[in-house]
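A.B. asks: Before I ask anything, here is the structure I am working with.
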Amino acid sequence: MTTLIKNGLVYDGTGAAPKKTDVLIQRTRVARLGDFNRGEAERVIDATGAMVAPGFVEINFEPETEDEVISEASQRYLLRRGVTTVVDGTDGTSFAPIVKPLRRGSHDWQTVGEFRKSLDARHPAVNFGTLVGYAGLRQSFTGGKGRDLDFGEMKQISSIIKSALAEGALGVGLGDLGTLRLPEWELVALAEEVNRAKCFLAVHLNGLTGELNEELALILSVAKKSGASVEFTHFEPSAGEADSYRSALATMEKQAARANVNFDVFPMPYARFPLANFLPSWFRSGKPAEVIADVRSAHAKDRLLAHFKKLPLADLRIAEAPRHLKFLKGKRIGELAASWSTRPERAFLKLMLATGLECKVFDAKMESAVLAELIASPRSILSLSFHESEAGNLKDVFAAAASGGKIAEEQVVAKLTGAPAKKLGLSHRGLIAPDHFADIVILRDHEVQSVLVNGAVVFADGVFAAKRSGTVL
């Protein structure tokens with residue numbers, strides 16, 4: 001099939017100024033850009049007055065089960081928002097490799113290679129890639145206990161990761177560094193394995209407890225020692241953390257010549273945090289199971305409630321909840337408190353216990369001035385996080401990302417497409433260029449009109465095609 005996208009304003013994903021040009025697609029790839037007659041193609045899409053951009057790459061896709069990866073509802077939700085590629089595992093958990101099942105669902109695989117084959121047979125509608133979820137893998141060896149690995153365990157884990165990267169995993173997702181509390185030698189060993197495979201390491205830093213710059217310094221040291229490429233995920237400045245994030249940004253940009261580092265940020269003016277981040281610093285004991293045991297203890301209850309009472313909890317909105325409690329998603333703590341006939345601090349404590357800390361909330365009190373600086377940084381990648389929140393449409397996202405005109409729209413597009421594809425090592429994706437896969441989104445007034453995945457039109461004028469043309473990366 002030959003497709004011609006005619007008369008569109010093309011944002012190619014490099015950050016270059018857009019150009020009015022046609023895009024000729026042959027089968028799965030872009031053939032040429034230029035001026036073409038309509039008769040040169042079997043299908044013509046009139047993009048007059050529209051923005052033509054590469055499909056968006058979502059680096060922080062965090063599904064609960066493998067069914068959610070390929071479910072019709074999930075796939076359509078992503079495509080309606082122009083997302084053509086998703087990557088799982090940055091939160092520290094992944095569907096493969098499996099030592100002991102940590103996620104719900106029936107598995108007919110154990111290795112990354114077997115998982116990719118199984119998923120490919122189910123024909124995803126969007127392109128899907130995975131990292132090795134290190135937190136989950138490590139937990140399989142420690143049983144969830146907060147302890148160091150011994151030499152034999154580290155050797156086994158390194159072997160599993162080496163095989164997983166060779167079988168197609170795009171990198172390793174550590175998860176929350178503050179919760180893991182890994183020794184530097186373990187981080188260096190892990191980063192060296194990632195670097196040998198020419199992949200990258202994703203890590204979440206804790207910005208709420210004053211540990212941001214301490215953890216950043218540790219990971220930058222690891223990156224320089226190992227040579228590994230690093231991605232800091234969910235880099236979102238909350239209220240009162242302006243100085244820490246500005247300092248962290250300055251440190252990253254200063255070290256850019258010696259360490260290959262990037263960070264991703266959701267451009268809307270609110271941040272997402274795990275419930276555990278709201279616990280006082282004196283309370284932290286490491287692993288979720290240990291923390292929950294402490295939360296349940298009678299001696300801690302009154303102290304916790306006194307701590308929570310000082311926090312503005314009522315307006316916090318639930319961004320993510322365990323699958324069996326999905327009905328909580330989108331509700332505010334104040335709403336839960338009212339429905340449970342209690343106060344916000346008691347509702348918050350009840351939510352912690354009910355979800356086992358497997359819950360995240362949006363905090364609307366974002367440091368917007370710092371957020372604008374982060375978005376404008378050459379180290380930043382934009383994450384849409386649409387799988388976690390209904391808040392904000394693309395028009396809102398583009399407006400927020402442009403920060404009042406401080407960065408050009410073509411740079412916003414690049415941070416959603418070419419930049420994440422480059423970080424992930426996705427060859428021939430993320431750009432509209434000859435021989436690149438034709439993952440393309442056409443927008444009018446920042447609303448998605450059409451989406452192509454690997455050259456196939458999968459969404460057009462509100463109608464989804466029956467064919468699923470995504471691939472497992």
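Lettering and numbering for the structure tokens are positional, with chains as A, B, ... in the shown order, residues counted from 1 in each chain, and ligands counted from 1 in the shown order.
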For Gly55 (chain A), work out the shell of residues within 7 Å, counting only C-alpha atoms and skipping chain neighbours fewer than 5 positions away, then give it as an MDAnalysis selection string.
C.D. replies: chainID A and resid 82:84 417 430 439:441
A.B. asks: At a cut-off of 10 Å, using only C-alpha atoms, what residues contact Ala372 (chain A)? Leave out same-chain residues fewer than 5 positions from it and give the result as a CSV table (one decimal) with C-alpha atoms, in the first residue's frame.
C.D. replies:
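Written file, part.csv:
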```
chain,number,residue,atom,x,y,z
A,267,PRO,CA,4.4,19.2,31.2
A,269,PRO,CA,1.3,21.7,36.3
A,367,GLU,CA,6.5,24.6,41.0
A,377,SER,CA,16.4,22.1,29.1
A,400,ALA,CA,1.8,24.0,29.0
A,401,ALA,CA,4.9,22.6,27.3
A,402,ALA,CA,5.4,25.7,25.3
A,403,SER,CA,5.6,27.6,28.6
A,404,GLY,CA,4.1,30.8,27.3
A,406,LYS,CA,9.5,30.1,25.8
A,407,ILE,CA,10.2,27.1,23.6
```
A.B. asks: Of the candidates A:Thr14, A:Ser226, A:Asn127, A:Thr93, which shows the shortest atom-to-atom distance to Val453 (chain A), using only C-alpha atoms?
C.D. replies: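 For Val453 (chain A), the nearest of the given residues is A:Asn127.
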A.B. asks: Which residue out of A:Leu180, A:Phe61, A:Ile98, A:Arg317 has the minimum interatomic distance to Gln75 (chain A) when only C-alpha atoms are used?
C.D. replies: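 Closest candidate: A:Phe61.
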A.B. asks: Extract, using only C-alpha atoms, all DNA, RNA and protein residues at most 12 Å from His428 (chain A), discarding same-chain residues fewer than 2 positions from it, and format them as a list in words.
C.D. replies: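 The neighbour list is Gly13, Thr28, Arg29, Val30, Pro54, Thr417, Gly418, Ala421, Lys422, Leu424, Gly425, Leu426, Gly430, Leu431, Ile432, Ala433, Pro434, Asp435, His436, Phe437, Ala438, Asp439, Asn454 and Leu473 of chain A.
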A.B. asks: With distances taken over only C-alpha atoms, which of A:Asp12, A:Glu335, A:Glu72, A:Glu236 is nearest to Leu374 (chain A)?
C.D. replies: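 Smallest separation from Leu374 (chain A) among the options: A:Glu236.
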A.B. asks: Show which residues sit within 8 Å of Gly168 (chain A), as number ranges by chain. Count only C-alpha atoms, and ignore same-chain residues fewer than 3 positions away.
C.D. replies: A: 112-113, 164-165, 473
A.B. asks: So that I have them on file, write out the residues from the current selection with C-alpha atoms, as a short mmCIF file (atom, residue, chain, number, x, y, z; two decimals), in the first residue's frame.
C.D. replies:
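Dumped to out.cif:
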```
data_model
loop_
_atom_site.label_atom_id
_atom_site.label_comp_id
_atom_site.auth_asym_id
_atom_site.auth_seq_id
_atom_site.Cartn_x
_atom_site.Cartn_y
_atom_site.Cartn_z
CA VAL A 112 12.04 -11.50 27.52
CA GLY A 113 12.34 -13.34 24.20
CA ALA A 164 17.18 -10.12 28.61
CA LEU A 165 19.03 -7.26 26.92
CA LEU A 473 10.27 -3.52 19.59
#
```
A.B. asks: Could you list, as a ChimeraX atom specification, every residue within 10 Å of Ala242 (chain A), counting only C-alpha atoms and ignoring same-chain residues fewer than 2 positions away?
C.D. replies: /A:237-240,244-248,366-371
A.B. asks: Just C-alpha atoms for this one: save the residues we selected as a PDB file, in the first residue's frame.
C.D. replies:
```pdb
ATOM      1  CA  PRO A 237       9.120  19.539  40.989  1.00  0.00           C
ATOM      2  CA  SER A 238       6.614  19.662  43.819  1.00  0.00           C
ATOM      3  CA  ALA A 239       5.765  22.651  45.967  1.00  0.00           C
ATOM      4  CA  GLY A 240       8.666  23.781  48.108  1.00  0.00           C
ATOM      5  CA  SER A 244      16.485  21.364  44.914  1.00  0.00           C
ATOM      6  CA  TYR A 245      15.301  20.964  41.331  1.00  0.00           C
ATOM      7  CA  ARG A 246      17.131  24.031  40.079  1.00  0.00           C
ATOM      8  CA  SER A 247      20.290  22.715  41.714  1.00  0.00           C
ATOM      9  CA  ALA A 248      19.719  19.261  40.212  1.00  0.00           C
ATOM     10  CA  MET A 366       3.700  22.154  41.147  1.00  0.00           C
ATOM     11  CA  GLU A 367       6.546  24.644  41.044  1.00  0.00           C
ATOM     12  CA  SER A 368       5.505  26.003  37.628  1.00  0.00           C
ATOM     13  CA  ALA A 369       8.513  28.306  37.170  1.00  0.00           C
ATOM     14  CA  VAL A 370      10.928  25.416  37.699  1.00  0.00           C
ATOM     15  CA  LEU A 371       8.790  23.158  35.512  1.00  0.00           C
TER      16      LEU A 371
END
```
A.B. asks: Based on DSSP run over this structure's backbone, return all residues of region 288-423 of chain A in alpha helix (DSSP H), as JSON, numbers by chain.
C.D. replies: {"A": [288, 289, 290, 291, 292, 293, 294, 295, 296, 298, 299, 300, 301, 302, 303, 304, 305, 306, 307, 308, 309, 333, 334, 335, 336, 337, 338, 339, 344, 345, 346, 347, 348, 349, 350, 351, 352, 353, 354, 355, 368, 369, 370, 371, 372, 373, 374, 375, 376, 394, 395, 396, 397, 398, 399, 400, 401, 402, 409, 410, 411, 412, 413, 414, 415, 416, 418, 419, 420, 421, 422, 423]}
A.B. asks: CA of Ala41 (chain A) and CA of Thr2 (chain A) are how many Å apart?
C.D. replies: 5.0 Å
A.B. asks: Would you please work out which residue, of A:Ala314, A:Ala17, A:Ile5, A:Ala191, is nearest to Glu410 (chain A) when using only C-alpha atoms?
C.D. replies: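 Closest to Glu410 (chain A) of all the choices is A:Ala17.
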A.B. asks: Find, counting only C-alpha atoms, the residue in A:Ala202, A:Ala125, A:Ile160, A:Ala257 that gets nearest to Val472 (chain A).
C.D. replies: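 Looking only at the distances to Val472 (chain A), the closest residue turns out to be A:Ala125.
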A.B. asks: Just the number, please: distance in Å from CA of Phe283 (chain A) to CA of Ala135 (chain A), one decimal.
C.D. replies: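 Computed distance, CA of Phe283 (chain A) to CA of Ala135 (chain A), equals 20.9 Å.
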A.B. asks: With distances taken over only C-alpha atoms, which residue among A:Arg76, A:Arg332, A:Arg43, A:Lys198 lies nearest Ala347 (chain A)?
C.D. replies: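 Checking each candidate against Ala347 (chain A), we get A:Arg332 as the closest.
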A.B. asks: Just the residues within 6 Å of Leu9 (chain A), please, counting only C-alpha atoms, with nothing from its chain fewer than 5 positions along; format it as a PyMOL selection string.
C.D. replies: chain A and resi 19-20+51-52
A.B. asks: How would the residues just chosen look if you wrote them out with C-alpha atoms as an mmCIF file, in the first residue's frame?
C.D. replies:
```
data_model
loop_
_atom_site.group_PDB
_atom_site.id
_atom_site.type_symbol
_atom_site.label_atom_id
_atom_site.label_comp_id
_atom_site.auth_asym_id
_atom_site.auth_seq_id
_atom_site.Cartn_x
_atom_site.Cartn_y
_atom_site.Cartn_z
ATOM 1 C CA LYS A 19 7.896 22.763 6.476
ATOM 2 C CA LYS A 20 4.890 22.476 4.216
ATOM 3 C CA MET A 51 0.172 19.509 11.718
ATOM 4 C CA VAL A 52 1.921 16.302 10.607
#
```
